[in-house]
Every structure is written in C-alpha cells, then in structure tokens.
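Pasted below: protein23.txt, compact mmCIF, C-alpha atoms (C1' of nucleotides).
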# COMPACT_ATOMS: atom_id res chain seq x y z
CA MET A 1 -29.17 16.74 28.82
CA THR A 2 -25.47 17.02 28.86
CA GLU A 3 -23.96 18.19 25.69
CA GLU A 4 -22.25 15.27 23.91
CA PRO A 5 -19.79 15.82 21.14
CA GLN A 6 -21.85 14.23 18.40
CA VAL A 7 -19.52 15.41 15.73
CA ARG A 8 -15.88 14.43 15.88
CA LYS A 9 -13.85 17.58 15.63
CA ARG A 10 -10.26 17.92 14.57
CA ASP A 11 -9.11 14.40 15.42
CA ALA A 12 -7.14 13.08 12.48
CA ALA A 13 -6.50 9.65 14.00
CA ALA A 14 -10.17 9.07 14.77
CA THR A 15 -11.23 10.28 11.33
CA LYS A 16 -8.74 8.01 9.65
CA ALA A 17 -9.93 5.05 11.72
CA ALA A 18 -13.56 5.84 10.92
CA LEU A 19 -12.75 5.90 7.23
CA LEU A 20 -10.93 2.60 7.50
CA ASP A 21 -13.84 0.97 9.32
CA ALA A 22 -16.39 2.32 6.89
CA ALA A 23 -14.32 1.18 3.97
CA ALA A 24 -13.90 -2.30 5.41
CA ALA A 25 -17.64 -2.65 5.91
CA LEU A 26 -18.56 -1.37 2.47
CA PHE A 27 -15.88 -3.30 0.59
CA ALA A 28 -17.05 -6.46 2.33
CA GLU A 29 -20.65 -5.75 1.46
CA ARG A 30 -20.32 -4.63 -2.15
CA GLY A 31 -16.80 -5.32 -3.29
CA PHE A 32 -14.24 -2.78 -4.48
CA ASP A 33 -15.76 -1.63 -7.73
CA ARG A 34 -19.25 -1.07 -6.43
CA THR A 35 -18.12 0.93 -3.44
CA THR A 36 -17.63 4.66 -4.04
CA VAL A 37 -15.41 6.99 -2.09
CA ARG A 38 -18.46 9.17 -1.52
CA ASP A 39 -20.25 6.31 0.21
CA ILE A 40 -17.25 5.53 2.37
CA ALA A 41 -16.96 9.14 3.45
CA LYS A 42 -20.67 9.36 4.17
CA VAL A 43 -20.69 6.22 6.34
CA ALA A 44 -17.59 7.42 8.16
CA GLY A 45 -19.16 10.82 8.66
CA ALA A 46 -16.19 12.48 7.08
CA ASN A 47 -15.45 14.57 4.04
CA GLN A 48 -14.30 12.57 1.06
CA ALA A 49 -11.35 14.86 0.47
CA LEU A 50 -9.91 13.58 3.73
CA LEU A 51 -9.95 10.06 2.38
CA PHE A 52 -7.48 11.11 -0.27
CA ARG A 53 -5.42 13.14 2.16
CA TYR A 54 -5.01 10.22 4.55
CA PHE A 55 -4.83 7.28 2.16
CA GLY A 56 -3.82 8.73 -1.19
CA SER A 57 -6.24 6.79 -3.33
CA LYS A 58 -9.13 4.38 -3.20
CA ASP A 59 -6.73 1.64 -4.19
CA ALA A 60 -4.35 2.31 -1.32
CA LEU A 61 -7.27 2.38 1.09
CA PHE A 62 -8.37 -1.02 -0.13
CA GLU A 63 -4.90 -2.38 0.43
CA GLU A 64 -4.86 -1.12 4.00
CA VAL A 65 -8.24 -2.66 4.70
CA LEU A 66 -7.13 -6.03 3.37
CA ALA A 67 -3.80 -5.99 5.13
CA ARG A 68 -5.20 -4.91 8.47
CA GLY A 69 -7.94 -7.51 8.68
CA GLY A 70 -6.08 -10.44 7.21
CA ARG A 71 -3.09 -10.47 9.45
CA GLU A 72 -5.11 -10.27 12.63
CA GLN A 73 -6.21 -13.88 12.67
CA ILE A 74 -2.86 -15.33 11.72
CA ALA A 75 -1.15 -13.44 14.49
CA THR A 76 -3.54 -14.53 17.21
CA THR A 77 -3.97 -18.23 16.41
CA PRO A 78 -1.58 -21.15 17.09
CA PRO A 79 -0.77 -23.08 13.89
CA GLY A 80 -2.47 -26.31 14.87
CA GLU A 81 -5.75 -24.54 15.40
CA LEU A 82 -5.58 -22.20 12.43
CA LEU A 83 -7.57 -24.42 10.12
CA GLY A 84 -10.35 -25.05 12.61
CA THR A 85 -10.40 -21.47 13.80
CA ALA A 86 -10.41 -19.94 10.34
CA LEU A 87 -13.11 -22.34 9.25
CA ARG A 88 -15.21 -21.63 12.28
CA SER A 89 -14.85 -17.87 12.09
CA MET A 90 -15.95 -18.13 8.51
CA LEU A 91 -18.96 -20.24 9.38
CA GLU A 92 -20.20 -18.17 12.26
CA SER A 93 -22.18 -15.52 10.47
CA ASP A 94 -22.81 -13.71 13.69
CA LYS A 95 -22.57 -10.00 14.08
CA GLY A 96 -19.30 -8.31 14.68
CA ARG A 97 -17.16 -10.93 13.06
CA ASP A 98 -14.35 -9.88 10.83
CA ARG A 99 -15.56 -9.42 7.27
CA THR A 100 -12.23 -8.95 5.58
CA LEU A 101 -12.63 -12.22 3.74
CA ASP A 102 -15.84 -10.95 2.18
CA ALA A 103 -14.00 -7.91 0.90
CA TYR A 104 -11.38 -10.25 -0.51
CA LEU A 105 -13.93 -12.50 -2.17
CA ARG A 106 -16.10 -9.72 -3.53
CA SER A 107 -13.21 -7.90 -5.14
CA THR A 108 -11.74 -10.65 -7.25
CA GLY A 109 -12.23 -8.63 -10.40
CA HIS A 110 -9.91 -5.95 -9.14
CA ASP A 111 -6.27 -6.32 -10.06
CA SER A 112 -3.76 -3.56 -9.33
CA ALA A 113 -1.74 -3.43 -6.18
CA ALA A 114 -4.39 -5.12 -4.08
CA ALA A 115 -3.70 -8.33 -5.94
CA ALA A 116 -0.27 -8.37 -4.37
CA VAL A 117 -1.78 -8.00 -0.93
CA ARG A 118 -4.19 -10.82 -1.70
CA ARG A 119 -1.37 -13.08 -2.75
CA GLN A 120 0.79 -12.20 0.22
CA LEU A 121 -2.08 -12.83 2.58
CA GLY A 122 -2.52 -16.24 1.02
CA GLU A 123 1.19 -16.92 1.42
CA GLU A 124 1.02 -16.25 5.13
CA TYR A 125 -1.94 -18.54 5.66
CA ALA A 126 -0.46 -21.28 3.52
CA LYS A 127 2.89 -21.06 5.25
CA VAL A 128 1.27 -21.83 8.57
CA LEU A 129 -0.92 -24.56 7.11
CA ALA A 130 2.09 -26.19 5.51
CA THR A 131 3.58 -26.86 8.96
CA LEU A 132 0.75 -29.28 9.62
CA THR A 133 2.07 -31.96 7.31
CA ASP A 134 5.45 -33.52 6.67
CA ALA A 135 4.74 -34.58 3.11
CA ASP A 136 7.28 -33.41 0.58
CA ASP A 137 4.58 -31.50 -1.27
CA ALA A 138 3.41 -29.80 1.90
CA ASP A 139 3.08 -26.42 0.22
CA LEU A 140 0.77 -27.74 -2.45
CA ARG A 141 -1.40 -29.49 0.11
CA ALA A 142 -1.54 -26.30 2.15
CA ASP A 143 -2.66 -24.39 -0.94
CA LEU A 144 -5.44 -26.89 -1.47
CA ILE A 145 -6.63 -26.44 2.11
CA LEU A 146 -6.52 -22.68 1.66
CA ALA A 147 -8.46 -23.02 -1.57
CA TRP A 148 -11.07 -25.04 0.24
CA LEU A 149 -11.44 -22.39 2.92
CA LEU A 150 -11.86 -19.67 0.33
CA GLY A 151 -14.28 -21.76 -1.69
CA ILE A 152 -16.45 -22.41 1.32
CA GLY A 153 -16.50 -18.70 2.03
CA LEU A 154 -17.39 -18.03 -1.58
CA VAL A 155 -20.30 -20.45 -1.66
CA ARG A 156 -21.63 -19.37 1.72
CA GLU A 157 -21.27 -15.62 1.62
CA ILE A 158 -21.35 -14.71 -2.05
CA THR A 159 -23.31 -17.38 -3.83
CA GLY A 160 -25.47 -18.10 -0.79
CA LYS A 161 -26.06 -21.64 -1.94
CA GLU A 162 -28.04 -24.01 0.25
CA PRO A 163 -27.60 -26.20 2.19
CA LEU A 164 -24.07 -25.00 2.80
CA ALA A 165 -25.01 -21.37 3.33
CA SER A 166 -26.95 -22.06 6.51
CA ALA A 167 -25.47 -25.39 7.50
CA ASP A 168 -24.53 -26.14 11.08
CA PRO A 169 -20.92 -25.02 11.66
CA ASP A 170 -20.20 -28.15 13.67
CA ALA A 171 -21.33 -30.45 10.89
CA VAL A 172 -19.29 -28.57 8.30
CA CYS A 173 -16.22 -28.58 10.52
CA ARG A 174 -16.51 -32.29 11.11
CA LEU A 175 -16.67 -33.05 7.40
CA VAL A 176 -13.98 -30.64 6.30
CA LEU A 177 -11.53 -31.39 9.06
CA GLY A 178 -11.97 -35.11 8.46
CA ALA A 179 -11.19 -34.84 4.78
CA ALA A 180 -8.43 -32.34 5.41
CA ARG A 181 -6.79 -34.75 7.80
CA THR A 182 -6.72 -37.34 5.04
CA LEU A 183 -5.08 -34.79 2.78
CA LEU A 184 -2.49 -33.77 5.32
CA GLU A 185 -1.66 -37.12 6.86
CA ARG A 186 -1.01 -39.29 3.87
CA SER A 187 2.62 -38.71 3.15
CA GLY A 188 3.48 -38.08 -0.48
CA MET B 189 -6.54 -11.36 -55.04
CA THR B 190 -10.06 -12.47 -54.65
CA GLU B 191 -12.23 -10.05 -52.80
CA GLU B 192 -12.99 -11.40 -49.32
CA PRO B 193 -15.76 -9.96 -47.22
CA GLN B 194 -13.53 -8.63 -44.44
CA VAL B 195 -16.36 -6.82 -42.79
CA ARG B 196 -19.43 -8.76 -41.75
CA LYS B 197 -22.40 -7.08 -43.36
CA ARG B 198 -26.01 -7.35 -42.37
CA ASP B 199 -25.81 -10.66 -40.51
CA ALA B 200 -27.62 -10.28 -37.24
CA ALA B 201 -26.93 -13.81 -36.00
CA ALA B 202 -23.20 -13.51 -36.61
CA THR B 203 -23.07 -10.11 -34.97
CA LYS B 204 -24.91 -11.37 -31.94
CA ALA B 205 -22.57 -14.35 -31.65
CA ALA B 206 -19.54 -12.11 -31.99
CA LEU B 207 -20.82 -9.92 -29.18
CA LEU B 208 -21.44 -12.95 -27.00
CA ASP B 209 -17.95 -14.31 -27.61
CA ALA B 210 -16.30 -10.97 -26.99
CA ALA B 211 -18.30 -10.49 -23.82
CA ALA B 212 -17.38 -13.95 -22.55
CA ALA B 213 -13.70 -13.29 -23.12
CA LEU B 214 -13.70 -9.86 -21.52
CA PHE B 215 -15.85 -10.82 -18.53
CA ALA B 216 -13.51 -13.73 -17.88
CA GLU B 217 -10.49 -11.51 -18.12
CA ARG B 218 -11.64 -8.46 -16.17
CA GLY B 219 -14.89 -9.32 -14.43
CA PHE B 220 -18.23 -7.65 -14.93
CA ASP B 221 -17.62 -4.23 -13.46
CA ARG B 222 -14.35 -3.55 -15.20
CA THR B 223 -15.65 -4.54 -18.61
CA THR B 224 -17.38 -1.77 -20.54
CA VAL B 225 -19.94 -2.19 -23.28
CA ARG B 226 -17.71 -0.09 -25.50
CA ASP B 227 -14.89 -2.59 -25.09
CA ILE B 228 -17.15 -5.52 -25.84
CA ALA B 229 -18.42 -3.86 -29.00
CA LYS B 230 -14.91 -2.97 -30.10
CA VAL B 231 -13.60 -6.52 -29.64
CA ALA B 232 -16.63 -7.90 -31.44
CA GLY B 233 -16.16 -5.39 -34.25
CA ALA B 234 -19.71 -4.20 -33.82
CA ASN B 235 -21.48 -1.03 -32.86
CA GLN B 236 -22.34 -0.82 -29.20
CA ALA B 237 -25.91 0.16 -29.92
CA LEU B 238 -26.42 -3.32 -31.34
CA LEU B 239 -25.43 -4.80 -28.01
CA PHE B 240 -28.45 -3.17 -26.46
CA ARG B 241 -30.70 -4.05 -29.33
CA TYR B 242 -29.81 -7.74 -29.15
CA PHE B 243 -29.37 -8.24 -25.42
CA GLY B 244 -31.25 -5.41 -23.77
CA SER B 245 -28.65 -4.52 -21.17
CA LYS B 246 -25.15 -5.29 -20.01
CA ASP B 247 -26.66 -7.28 -17.16
CA ALA B 248 -28.70 -9.49 -19.45
CA LEU B 249 -25.67 -10.08 -21.65
CA PHE B 250 -23.71 -11.23 -18.62
CA GLU B 251 -26.47 -13.64 -17.73
CA GLU B 252 -26.42 -15.16 -21.18
CA VAL B 253 -22.66 -15.58 -21.08
CA LEU B 254 -22.80 -17.32 -17.73
CA ALA B 255 -25.71 -19.55 -18.63
CA ARG B 256 -24.30 -20.59 -21.99
CA GLY B 257 -20.87 -21.59 -20.74
CA GLY B 258 -21.87 -23.16 -17.47
CA ARG B 259 -24.34 -25.69 -18.69
CA GLU B 260 -22.10 -27.03 -21.40
CA GLN B 261 -19.93 -29.14 -19.15
CA ILE B 262 -22.74 -30.56 -17.08
CA ALA B 263 -24.60 -31.69 -20.15
CA THR B 264 -21.64 -33.47 -21.69
CA THR B 265 -20.16 -35.30 -18.70
CA PRO B 266 -21.38 -38.47 -16.96
CA PRO B 267 -21.96 -37.91 -13.21
CA GLY B 268 -19.22 -40.20 -11.96
CA GLU B 269 -16.62 -38.32 -13.96
CA LEU B 270 -17.91 -34.80 -13.33
CA LEU B 271 -15.62 -34.12 -10.39
CA GLY B 272 -12.50 -35.32 -12.14
CA THR B 273 -13.43 -33.70 -15.43
CA ALA B 274 -14.37 -30.36 -13.91
CA LEU B 275 -11.21 -30.36 -11.86
CA ARG B 276 -9.06 -31.25 -14.83
CA SER B 277 -10.63 -28.71 -17.16
CA MET B 278 -9.99 -26.13 -14.50
CA LEU B 279 -6.37 -27.17 -14.10
CA GLU B 280 -5.50 -27.30 -17.73
CA SER B 281 -4.76 -23.67 -18.40
CA ASP B 282 -4.21 -24.33 -22.05
CA LYS B 283 -5.54 -22.18 -24.79
CA GLY B 284 -9.07 -22.41 -25.94
CA ARG B 285 -10.49 -23.84 -22.78
CA ASP B 286 -13.79 -22.54 -21.53
CA ARG B 287 -13.29 -19.48 -19.37
CA THR B 288 -16.80 -19.14 -18.02
CA LEU B 289 -15.62 -20.01 -14.54
CA ASP B 290 -13.23 -17.07 -14.64
CA ALA B 291 -16.10 -14.76 -15.48
CA TYR B 292 -17.98 -16.27 -12.57
CA LEU B 293 -15.09 -15.87 -10.16
CA ARG B 294 -14.14 -12.38 -11.26
CA SER B 295 -17.65 -11.02 -10.92
CA THR B 296 -18.42 -11.97 -7.35
CA GLY B 297 -19.03 -8.36 -6.42
CA HIS B 298 -21.89 -8.13 -8.85
CA ASP B 299 -25.30 -8.91 -7.46
CA SER B 300 -28.44 -8.38 -9.51
CA ALA B 301 -29.92 -11.03 -11.74
CA ALA B 302 -26.61 -12.70 -12.48
CA ALA B 303 -26.47 -13.84 -8.87
CA ALA B 304 -29.47 -16.02 -9.58
CA VAL B 305 -27.72 -17.56 -12.56
CA ARG B 306 -24.66 -18.17 -10.41
CA ARG B 307 -26.74 -19.91 -7.78
CA GLN B 308 -28.66 -21.99 -10.26
CA LEU B 309 -25.47 -23.08 -11.92
CA GLY B 310 -24.16 -24.18 -8.56
CA GLU B 311 -27.39 -26.09 -7.94
CA GLU B 312 -26.94 -28.07 -11.11
CA TYR B 313 -23.38 -29.01 -10.35
CA ALA B 314 -24.17 -29.89 -6.75
CA LYS B 315 -27.15 -31.98 -7.75
CA VAL B 316 -24.96 -34.20 -9.86
CA LEU B 317 -22.21 -34.37 -7.26
CA ALA B 318 -24.73 -35.36 -4.61
CA THR B 319 -25.47 -38.57 -6.48
CA LEU B 320 -21.94 -39.74 -5.72
CA THR B 321 -22.61 -40.42 -2.06
CA ASP B 322 -25.37 -42.13 -0.14
CA ALA B 323 -24.84 -40.25 3.10
CA ASP B 324 -27.93 -38.60 4.49
CA ASP B 325 -26.24 -35.22 4.23
CA ALA B 326 -25.27 -35.81 0.62
CA ASP B 327 -26.27 -32.31 -0.43
CA LEU B 328 -24.02 -30.69 2.10
CA ARG B 329 -21.10 -32.88 1.09
CA ALA B 330 -21.72 -32.04 -2.54
CA ASP B 331 -21.68 -28.34 -1.67
CA LEU B 332 -18.34 -28.78 0.02
CA ILE B 333 -16.91 -30.46 -3.05
CA LEU B 334 -18.27 -27.67 -5.22
CA ALA B 335 -16.76 -25.13 -2.87
CA TRP B 336 -13.43 -26.83 -3.19
CA LEU B 337 -13.59 -26.74 -6.97
CA LEU B 338 -14.40 -23.04 -6.94
CA GLY B 339 -11.73 -22.33 -4.35
CA ILE B 340 -9.09 -24.07 -6.42
CA GLY B 341 -10.13 -22.03 -9.43
CA LEU B 342 -9.97 -18.89 -7.34
CA VAL B 343 -6.48 -19.54 -6.04
CA ARG B 344 -5.15 -20.63 -9.41
CA GLU B 345 -6.71 -18.13 -11.77
CA ILE B 346 -7.40 -15.07 -9.68
CA THR B 347 -4.92 -15.06 -6.86
CA GLY B 348 -2.28 -16.88 -8.86
CA LYS B 349 -0.73 -18.30 -5.75
CA GLU B 350 2.15 -20.72 -6.03
CA PRO B 351 2.71 -23.62 -5.95
CA LEU B 352 -0.91 -24.35 -6.76
CA ALA B 353 -1.12 -21.96 -9.70
CA SER B 354 1.32 -23.92 -11.82
CA ALA B 355 1.13 -27.30 -10.13
CA ASP B 356 0.96 -30.48 -12.12
CA PRO B 357 -2.70 -31.30 -12.84
CA ASP B 358 -2.14 -34.98 -12.11
CA ALA B 359 -0.70 -34.28 -8.69
CA VAL B 360 -3.54 -31.97 -7.80
CA CYS B 361 -6.12 -34.44 -9.03
CA ARG B 362 -4.60 -37.22 -7.01
CA LEU B 363 -4.67 -35.21 -3.81
CA VAL B 364 -8.11 -33.71 -4.28
CA LEU B 365 -9.81 -36.86 -5.47
CA GLY B 366 -8.29 -38.80 -2.61
CA ALA B 367 -9.56 -36.43 0.02
CA ALA B 368 -12.87 -36.07 -1.76
CA ARG B 369 -13.33 -39.80 -1.68
CA THR B 370 -12.91 -39.70 2.08
CA LEU B 371 -15.57 -37.04 2.25
CA LEU B 372 -18.00 -38.89 0.03
CA GLU B 373 -17.50 -42.43 1.25
CA ARG B 374 -17.78 -42.09 4.95
CA SER B 375 -21.49 -42.34 5.61
CA GLY B 376 -22.95 -39.76 7.97
C1' DG C 377 -3.02 37.89 20.65
C1' DC C 378 -0.47 36.02 16.49
C1' DG C 379 1.55 33.23 12.79
C1' DG C 380 1.73 28.87 11.02
C1' DT C 381 0.33 24.27 10.76
C1' DT C 382 -3.28 20.85 10.88
C1' DT C 383 -8.05 19.45 10.14
C1' DG C 384 -12.38 19.90 7.86
C1' DT C 385 -15.45 21.70 3.94
C1' DA C 386 -17.60 22.91 -0.54
C1' DA C 387 -17.32 22.98 -5.15
C1' DG C 388 -15.92 21.42 -9.29
C1' DC C 389 -13.28 19.07 -13.09
C1' DA C 390 -12.46 15.81 -16.55
C1' DA C 391 -13.22 11.36 -17.77
C1' DC C 392 -16.12 7.53 -18.14
C1' DT C 393 -20.46 4.86 -17.69
C1' DG C 394 -24.78 2.47 -19.53
C1' DC C 395 -28.07 3.50 -22.58
C1' DT C 396 -30.99 6.11 -26.20
C1' DT C 397 -32.10 8.29 -30.35
C1' DA C 398 -32.18 9.78 -35.03
C1' DC C 399 -30.72 8.35 -39.16
C1' DA C 400 -28.40 6.01 -43.19
C1' DA C 401 -27.59 1.75 -45.81
C1' DC C 402 -28.98 -2.56 -47.17
C1' DG C 403 -31.82 -6.34 -49.09
C1' DC C 404 -36.05 -8.79 -49.57
C1' DT C 405 -40.81 -8.87 -51.52
C1' DA C 406 -44.27 -7.39 -54.45
C1' DT D 407 -38.52 -0.27 -59.13
C1' DA D 408 -41.03 1.08 -54.98
C1' DG D 409 -41.89 0.17 -50.37
C1' DC D 410 -40.52 -1.44 -45.99
C1' DG D 411 -38.62 -3.95 -42.27
C1' DT D 412 -33.90 -5.16 -40.80
C1' DT D 413 -29.13 -4.11 -39.78
C1' DG D 414 -25.53 -0.87 -38.86
C1' DT D 415 -23.79 3.92 -37.45
C1' DA D 416 -22.79 8.41 -35.17
C1' DA D 417 -23.73 11.32 -31.76
C1' DG D 418 -25.15 12.51 -27.51
C1' DC D 419 -27.47 12.53 -22.83
C1' DA D 420 -27.61 12.28 -18.03
C1' DG D 421 -25.58 10.42 -14.27
C1' DT D 422 -21.53 8.75 -11.75
C1' DT D 423 -16.69 8.24 -10.79
C1' DG D 424 -11.99 9.19 -8.59
C1' DC D 425 -9.60 12.94 -7.48
C1' DT D 426 -8.18 18.09 -6.93
C1' DT D 427 -8.37 22.71 -5.45
C1' DA D 428 -9.27 26.81 -2.90
C1' DC D 429 -10.62 28.11 1.31
C1' DA D 430 -12.46 28.38 6.26
C1' DA D 431 -11.99 26.99 11.01
C1' DA D 432 -9.64 25.07 14.82
C1' DC D 433 -5.45 24.22 17.32
C1' DC D 434 -0.57 25.00 19.18
C1' DG D 435 3.73 27.38 20.48
C1' DC D 436 5.16 31.78 21.28

Please, can you express the file's structure as structure tokens?
Amino acid sequence: MTEEPQVRKRDAAATKAALLDAAAALFAERGFDRTTVRDIAKVAGANQALLFRYFGSKDALFEEVLARGGREQIATTPPGELLGTALRSMLESDKGRDRTLDAYLRSTGHDSAAAAVRRQLGEEYAKVLATLTDADDADLRADLILAWLLGIGLVREITGKEPLASADPDAVCRLVLGAARTLLERSG
Amino acid sequence: MTEEPQVRKRDAAATKAALLDAAAALFAERGFDRTTVRDIAKVAGANQALLFRYFGSKDALFEEVLARGGREQIATTPPGELLGTALRSMLESDKGRDRTLDAYLRSTGHDSAAAAVRRQLGEEYAKVLATLTDADDADLRADLILAWLLGIGLVREITGKEPLASADPDAVCRLVLGAARTLLERSG
DNA sequence: GCGGTTTGTAAGCAACTGCTTACAACGCTA
DNA sequence: TAGCGTTGTAAGCAGTTGCTTACAAACCGC
C-alpha cells in the first residue's frame, strides 16, 4: 500500500474549508443552537480552537455559511428561471444538493448578525423575482412568492408533512407555477 | 389603602397558568432553545422548581404551549373562512394577538416530541383547507396553501423583510386569496 | 542550521443549562 | 390543635457551552 496522507497537515485553507463544510452540514441538520463548535470541529477533523482562529466566533461562521450558499444559486440562474429552479432544487431531496436553505429554516430562533444576512439574502432573491412582473406592487408580489418558496421548504424539510413532503416535484411545480403566474400576471 | 394580595399565594392553578402564559410569550419571542426555564419562571413570578412539578420538563411545557394555542383558531373558524381568517390574524401585528405561530416558526430547529405536535397541528389545518377544493389532489393543494401561510408568517415575523413585513393586510389578502383561488379551483 | 511565523493541539475557564432535592410555610380536615 | 398533603423556596448538581490560553510541531527565508 502506498502511504496516503490521511491527516491533513498544515494546510490552513483546506482546514478552513473543511470547517465551513462541516458547519454547513450540521447547521442544516440541526440548526444553529443545537450545533456545537465541538461537533463542527470533530466532523471537520480539526481542532476547535482553529474554528475561532479562522472565523472568530460561532456566529461569524454561521454568517459565512449562509452567505456562501445563498448567493450561489442567484448568481448562476437567469431571472426567468429562478422561480422554477429554486423550487425544483428545493423539491429534489437528492444527495449532494445545497442545504443552505435548511440551515436558514432551522435557525429562525437565532437573531444576532445572522438575521441581517438572512434579510439580505431575501432581498437578493426578491429583487430578481420582482423583475418578473410589471405590476406597481411588484416588490410585494415578489415577497409573497419568496414566502411561498420558504414555506414549502419549511413544510417539506422541517415539518415533514405529507403529502407535500414526498410529493412529485413535477406536480408541485405545476401547481405552484400556475398559481404564481396568476399572482405575477394580473397587473395591480 | 386596602391591602391587596400582590403576591399569589398557594394557588396551583393560577401558578400553572402563569407559567404557561410566560412560556408562550417567551417561546414566541425567542424560540425554544434560547428560552431558559429560569426566564420563564421569572416572568411568571414563580419558582422554577414548580415548572418541573407541573409540566415535567421544558419539552413537555413547549408541547402544551403549542397545542393550546394552535387548536384555538381551528375550533372557532368555519372552514370557508379559515384561509382568510388565518391570513388576516397573521397579518394583523396588533397587540394581544395569538403568538403561537411565532413560537412554532422560531423553534424549527427543535426536534423531539414537539415536532409531532407541529405536524399534527399542520394536519388539522390542512384537513380543513382540503375541503375547499374538489380536485383529486386536494390534500397536496391544501399543503401548498398551508406552506404559503407559514412562509408569509416567516418572512413577516422572523425575517422582517420589506415590503411584506409592513404591507397593508388588505392588499396582501387580495393577492394571496386571488392566487389561492386559482390553485383551488382548477381541477386536477 | 536558525529564528520567526504559521498551523495544530491539549487543557481549562467561567458561565449557563435542565433538572433535582431537601426543606419551610401554608391551609384543610378531623 | 394536631396531623398531613399541597404549594412555594433555596441551593446545588452534573453536564454542556463558547471561547481562551499556553505550548508543541511544522514550515520558510536566510
């Protein structure tokens, strides 16, 4: 057997990334309050003191997790498809999908600086969604669409309520997009 | 001055009710994890040991809070008006309104037995909402309406995103009920 | 090789958590 | 009034939390 470097040694960037990944996974799974820095460090295979050296605090780490994951989708999706894409990526519970939304939804009890990130993230989504209608209350309608997206995520991932939790993504998309079109098209 | 009994003395029922009220308020304000039994006892003006004597555990107390508040609205509203009423009661941020939904939304990171209460509460709402349509996927459509309600509450109360957070209740109702009608009326 | 910086580690601190226990005060019944 | 279950209180226990500190080991320029 060739000797493989099982343990990452003296690579600050890799350690930081590992901590970020571990934190994202755990925050998504348990929420902010029920995730401990010791758990994050253990999953990342790093010492917990490094978490504070690289991120400053658990709070700051949470902010970075939220900011990193949230902006990804907005940046890589054309406006017209954002609603469908966001909805679909939320519905496809397959492995490997981005779980930032879960972290968001499971940490609603947590105020502090992360609340600002949450709000800003919402702003960015809503801003894009608002371009889809020419009604004079476009921003409000966009907020309602965003609220629907979040609510669907809440019921599916957190509450786990059936039949929505394991409903066919296509069926859900058809229903939601149909109603959303009504909301966006009728001028105010 | 006549002597008033400022301190409640030896009244188990009153003490228990005070604890329940205090818990409901604090859970709604901070969520489950960030509310301590010491705080609840302090707000209720009671000793924290009594909390455990009367409710058994913090978890069980949370369950009672959720169950008590949630069923109230369902029981007192006719099915056809549930959507509008629930929406309106959520939008009217005035004083004294029931804040059980906030407790629900701020405690999404908390699993355990309360998750069952959350789910069951959702079942009851969805069951009523499902009677509003005759589509063969009525349950799914009802779940989507429920999700929208929760999402709107989330964006308004937790995220505080504008313009939805301080939007006119009538305007929101008009938009949501219009789109919801589309969702419920079109048979599948 | 050598000094200094960067990276990783172990141990611990102080505060807080849910919960328990031992006990005092009260009020009803006999 | 004596006895006794109920209600309220003070103190503490054991475990966990975020975060800090003191130190060892690896790396880099010289």

Contact set, chain B to chain C: 8 Å, all atoms listed in the file, as a PyMOL selection string: chain B and resi 198+224-225+240+246

Just C-alpha atoms for this one: save the residues we selected as a short mmCIF file (atom, residue, chain, number, x, y, z; two decimals), in the coordinates of the input.
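Everything below was put into selection30.cif:
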data_model
loop_
_atom_site.label_atom_id
_atom_site.label_comp_id
_atom_site.auth_asym_id
_atom_site.auth_seq_id
_atom_site.Cartn_x
_atom_site.Cartn_y
_atom_site.Cartn_z
CA ARG B 198 -26.01 -7.35 -42.37
CA THR B 224 -17.38 -1.77 -20.54
CA VAL B 225 -19.94 -2.19 -23.28
CA PHE B 240 -28.45 -3.17 -26.46
CA LYS B 246 -25.15 -5.29 -20.01
#

CA of Arg97 in chain A to CA of Ala301 in chain B, straight-line distance in Å: 27.9 Å

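Among the candidate residues A:Glu123, A:Arg106, A:Thr77, A:Ala130, the one lying nearest to chain B is A:Arg106, with distances computed using all atoms listed in the file.
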
As lines of an AutoDock Vina configuration file, what would the box around range 98-113 of chain A look like: edges along x, y and z, 6 Å added on every side, centre and edge lengths in Å to one decimal?
center_x = -8.9
center_y = -8.0
center_z = 0.2
size_x = 26.4
size_y = 21.1
size_z = 33.2

Residues of chain B at most 9 Å from chain D: nearest atom pair and distance in Å, all atoms listed in the file, as JSON lines:
{"residue": "B:Lys197", "atom": "CA", "partner": "D:DT413", "partner_atom": "C1'", "distance": 8.2}
{"residue": "B:Arg198", "atom": "CA", "partner": "D:DT413", "partner_atom": "C1'", "distance": 5.2}
{"residue": "B:Asp199", "atom": "CA", "partner": "D:DT413", "partner_atom": "C1'", "distance": 7.4}
{"residue": "B:Ala200", "atom": "CA", "partner": "D:DT413", "partner_atom": "C1'", "distance": 6.8}
{"residue": "B:Ala234", "atom": "CA", "partner": "D:DG414", "partner_atom": "C1'", "distance": 8.4}
{"residue": "B:Asn235", "atom": "CA", "partner": "D:DT415", "partner_atom": "C1'", "distance": 7.1}
{"residue": "B:Ala237", "atom": "CA", "partner": "D:DT415", "partner_atom": "C1'", "distance": 8.7}
{"residue": "B:Leu238", "atom": "CA", "partner": "D:DG414", "partner_atom": "C1'", "distance": 8.0}

Selected residues, C-alpha atoms, written as an mmCIF file, in the frame of the given file, please.
data_model
loop_
_atom_site.group_PDB
_atom_site.id
_atom_site.type_symbol
_atom_site.label_atom_id
_atom_site.label_comp_id
_atom_site.auth_asym_id
_atom_site.auth_seq_id
_atom_site.Cartn_x
_atom_site.Cartn_y
_atom_site.Cartn_z
ATOM 1 C CA LYS B 197 -22.400 -7.080 -43.360
ATOM 2 C CA ARG B 198 -26.010 -7.350 -42.370
ATOM 3 C CA ASP B 199 -25.810 -10.660 -40.510
ATOM 4 C CA ALA B 200 -27.620 -10.280 -37.240
ATOM 5 C CA ALA B 234 -19.710 -4.200 -33.820
ATOM 6 C CA ASN B 235 -21.480 -1.030 -32.860
ATOM 7 C CA ALA B 237 -25.910 0.160 -29.920
ATOM 8 C CA LEU B 238 -26.420 -3.320 -31.340
#

Measuring atom to atom with only C-alpha atoms, identify which of B:Asp221, B:Thr288, B:Arg259, B:Asp209 is nearest to chain A. B:Asp221

For Ala179 in chain A: contacts at 12 Å, only C-alpha atoms (C1' of nucleotides), fewer than 6 positions along chain excluded, given as a list of chain:residue names: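 Once the nearby chain positions are removed, what remains is A:Leu144, A:Ile145, A:Trp148, A:Val172, A:Cys173, A:Glu185, A:Arg186, B:Arg329, B:Leu332, B:Ile333, B:Trp336, B:Leu363, B:Val364, B:Leu365, B:Gly366, B:Ala367, B:Ala368, B:Arg369, B:Thr370, B:Leu371, B:Leu372, B:Glu373, B:Arg374.
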
Test item: residues at most 12 Å from Ala44 in chain A, all atoms listed in the file, excluding those fewer than 3 positions along its chain, as a list of chain:residue names: A:Val7, A:Arg8, A:Ala14, A:Thr15, A:Lys16, A:Ala17, A:Ala18, A:Leu19, A:Leu20, A:Asp21, A:Ala22, A:Ala23, A:Ala24, A:Ala25, A:Leu26, A:Val37, A:Arg38, A:Asp39, A:Ile40, A:Ala41, A:Asn47, A:Gln48, A:Leu50, A:Leu51

How far is it from CA of Phe32 in chain A to CA of Ser107 in chain A, in Å with one decimal?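 Atom-to-atom, CA of Phe32 in chain A to CA of Ser107 in chain A, that is 5.3 Å.
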
Counting all atoms listed in the file, the residue of A:Gly84, A:Gly70, A:Gly45, A:Gly31 that sits nearest chain B: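 Under the stated criterion, the closest residue is A:Gly31.
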
Please measure the separation of CA of Thr223 in chain B and CA of Ala201 in chain B, giving the value in Å to one decimal.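 We find that CA of Thr223 in chain B and CA of Ala201 in chain B lie 22.7 Å from each other.
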